[in-house]
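This report concerns only the one structure given below.
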Amino acid sequence: MIRVLLVHDECLVRSVLAEWLRRETDLLVYDAPWRTAPGRARSLRPDVCAADLDCADAVGIPPLGDLSGGAGGAAAGLVVLAQASRPGLLKRAAEAGALGYVDKEGAPERLVAAIRQVAGGKRFVDDSLGFGFLKAAQMPLTRRELSVLSLAAEGASVAEIAGSLHLSHGTVRNYMAAITRKTGARNRIDAIRISQGEGWL
């Protein structure tokens, strides 16, 4: 029996998808929104966490590492529901060690196939996400620039960003100028919009 934790923030979608997965006789399915998912993953210790990358409860990238880290035993295999149009999220999922990548626009049978593959320690990637991975490899911002931009997206001032990241005010301004240039944005707000649209934030 494969123990599965399904993580999705939309209650109706999560409930319907969980019930659909429960029809599979080899799957024991639990579900949770992102807010409670890390705690559920620690207590349930599932074989596979299947998570939607769009997180409604928080600004930015969901805590994927909290799902795949394991607790006192083997780490859970991570399957993500993704879109090729959000390459930044694909990149973050890869960095978190996800083994399965299912296109949200695809057939639900693909999710079942991914869960079974990942439970067996194998990789699963929908062909339709290939272009998204190509774009993810071209993400122009460094980790430090993403840290600066994440704080800016939360409304932090230059002084607050500098204090939080232990940088000088001038360095923060230089990072913001580089971010604006690299994203092709007109200003800080536009850079935030572009980065969120691409899934980098």
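Every chain in the structure tokens takes a letter, A first, then B, and so on in the order presented; its residues are numbered from 1, and the ligands are numbered from 1 following the presented order.
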Counting only C-alpha atoms, give me one row per residue of range 69-107 of chain A with an atom at most 12 Å from an atom of range 172-196 of chain A, showing the shortest contact pair and its distance in Å to one decimal, sorted by chain then residue number, as a Markdown table.
| residue | atom | partner | partner_atom | distance |
| --- | --- | --- | --- | --- |
| A:Ser85 | CA | A:Gln196 | CA | 11.3 |
| A:Arg86 | CA | A:Gln196 | CA | 8.8 |
| A:Pro87 | CA | A:Ser195 | CA | 10.3 |
| A:Gly88 | CA | A:Ser195 | CA | 8.3 |
| A:Leu89 | CA | A:Gln196 | CA | 9.7 |
Store the residues picked out above, limited to N, CA and C atoms, as a tab-separated table (two decimals), in the first residue's frame.
chain	number	residue	atom	x	y	z
A	85	SER	N	4.13	27.15	-17.80
A	85	SER	CA	4.18	28.62	-17.81
A	85	SER	C	4.74	29.21	-16.53
A	86	ARG	N	5.05	28.37	-15.53
A	86	ARG	CA	5.64	28.85	-14.27
A	86	ARG	C	6.99	28.18	-14.05
A	87	PRO	N	7.98	28.50	-14.91
A	87	PRO	CA	9.27	27.79	-14.84
A	87	PRO	C	10.01	27.97	-13.53
A	88	GLY	N	9.82	29.09	-12.87
A	88	GLY	CA	10.50	29.30	-11.59
A	88	GLY	C	10.07	28.27	-10.55
A	89	LEU	N	8.79	27.91	-10.56
A	89	LEU	CA	8.30	26.91	-9.62
A	89	LEU	C	8.88	25.53	-9.94
| message | Just want the 10 Å neighbourhood of Arg14 in chain A, counted on only C-alpha atoms, with same-chain residues fewer than 4 positions away dropped. Output as a PyMOL selection string. | response | chain A and resi 6-10+18-20+31-33+52
Residues just named, written with N, CA, C and O atoms as a PDB file, in the first residue's frame:
ATOM      1  N   LEU A   6      -1.876  14.262  -0.239  1.00  0.00           N
ATOM      2  CA  LEU A   6      -2.222  15.192  -1.313  1.00  0.00           C
ATOM      3  C   LEU A   6      -2.322  16.594  -0.728  1.00  0.00           C
ATOM      4  O   LEU A   6      -3.085  16.826   0.214  1.00  0.00           O
ATOM      5  N   VAL A   7      -1.552  17.529  -1.274  1.00  0.00           N
ATOM      6  CA  VAL A   7      -1.522  18.905  -0.752  1.00  0.00           C
ATOM      7  C   VAL A   7      -2.045  19.855  -1.820  1.00  0.00           C
ATOM      8  O   VAL A   7      -1.480  19.956  -2.916  1.00  0.00           O
ATOM      9  N   HIS A   8      -3.139  20.540  -1.488  1.00  0.00           N
ATOM     10  CA  HIS A   8      -3.754  21.493  -2.419  1.00  0.00           C
ATOM     11  C   HIS A   8      -4.522  22.508  -1.594  1.00  0.00           C
ATOM     12  O   HIS A   8      -5.193  22.144  -0.629  1.00  0.00           O
ATOM     13  N   ASP A   9      -4.448  23.783  -1.939  1.00  0.00           N
ATOM     14  CA  ASP A   9      -5.096  24.815  -1.142  1.00  0.00           C
ATOM     15  C   ASP A   9      -6.586  24.991  -1.428  1.00  0.00           C
ATOM     16  O   ASP A   9      -7.305  25.539  -0.608  1.00  0.00           O
ATOM     17  N   GLU A  10      -7.063  24.556  -2.567  1.00  0.00           N
ATOM     18  CA  GLU A  10      -8.488  24.720  -2.891  1.00  0.00           C
ATOM     19  C   GLU A  10      -9.239  23.491  -2.393  1.00  0.00           C
ATOM     20  O   GLU A  10      -9.076  22.382  -2.910  1.00  0.00           O
ATOM     21  N   ALA A  18      -8.722  13.841  -4.096  1.00  0.00           N
ATOM     22  CA  ALA A  18      -8.417  12.809  -3.091  1.00  0.00           C
ATOM     23  C   ALA A  18      -9.378  11.632  -3.228  1.00  0.00           C
ATOM     24  O   ALA A  18      -8.965  10.469  -3.190  1.00  0.00           O
ATOM     25  N   GLU A  19     -10.664  11.935  -3.408  1.00  0.00           N
ATOM     26  CA  GLU A  19     -11.650  10.851  -3.577  1.00  0.00           C
ATOM     27  C   GLU A  19     -11.370  10.054  -4.843  1.00  0.00           C
ATOM     28  O   GLU A  19     -11.516   8.837  -4.870  1.00  0.00           O
ATOM     29  N   TRP A  20     -10.970  10.743  -5.890  1.00  0.00           N
ATOM     30  CA  TRP A  20     -10.655  10.059  -7.149  1.00  0.00           C
ATOM     31  C   TRP A  20      -9.453   9.128  -6.954  1.00  0.00           C
ATOM     32  O   TRP A  20      -9.453   7.986  -7.412  1.00  0.00           O
ATOM     33  N   ASP A  31      -5.246  14.044   2.799  1.00  0.00           N
ATOM     34  CA  ASP A  31      -5.117  15.343   2.126  1.00  0.00           C
ATOM     35  C   ASP A  31      -5.032  16.472   3.143  1.00  0.00           C
ATOM     36  O   ASP A  31      -5.464  16.323   4.281  1.00  0.00           O
ATOM     37  N   ALA A  32      -4.438  17.585   2.684  1.00  0.00           N
ATOM     38  CA  ALA A  32      -4.242  18.746   3.567  1.00  0.00           C
ATOM     39  C   ALA A  32      -4.000  19.995   2.725  1.00  0.00           C
ATOM     40  O   ALA A  32      -3.469  19.899   1.620  1.00  0.00           O
ATOM     41  N   PRO A  33      -4.368  21.173   3.260  1.00  0.00           N
ATOM     42  CA  PRO A  33      -3.959  22.436   2.611  1.00  0.00           C
ATOM     43  C   PRO A  33      -2.497  22.693   2.952  1.00  0.00           C
ATOM     44  O   PRO A  33      -1.931  22.066   3.852  1.00  0.00           O
ATOM     45  N   ASP A  52       0.316  20.542  -5.107  1.00  0.00           N
ATOM     46  CA  ASP A  52       0.073  21.589  -6.094  1.00  0.00           C
ATOM     47  C   ASP A  52       1.016  22.745  -5.777  1.00  0.00           C
ATOM     48  O   ASP A  52       1.091  23.193  -4.630  1.00  0.00           O
TER      49      ASP A  52
END
| request: For CA of Tyr30 in chain A and CA of Gly106 in chain A, quote the distance in Å rounded to one decimal. | output: 21.9 Å
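Ranking A:Leu67, A:Met139, A:Val16, A:Ala96 by their shortest atom-to-atom distance to Trp34 in chain A, with only C-alpha atoms included, puts A:Leu67 first.
Backbone DSSP over range 18-193 of chain A gives strand (DSSP E or B) for Leu27, Leu28, Val29, Tyr30, Asp31, Ala32, Val48, Cys49, Ala50, Ala51, Asp52, Gly77, Leu78, Val79, Val80, Leu81, Ala82, Gly100, Tyr101, Val102, Asp103, Phe124 and Val125 of chain A.
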| remark: Pairwise distance, CA of Ala93 in chain A with CA of Leu53 in chain A, equals 8.3 Å
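Across the structure, CA of Phe124 in chain A and CA of Lys104 in chain A are spaced 14.0 Å apart.
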| task | Could you give me the residues within range 118-167 of chain A that DSSP places in helix (DSSP H, G or I), as a VMD selection string? | result | chain A and resid 118 to 119 127 to 136 143 to 153 158 to 165
| message | Just want the 8 Å neighbourhood of Val118 in chain A, counted on only C-alpha atoms, with same-chain residues fewer than 5 positions away dropped. Output as a ChimeraX atom specification. | response | /A:48,77-79,99-100,123-124
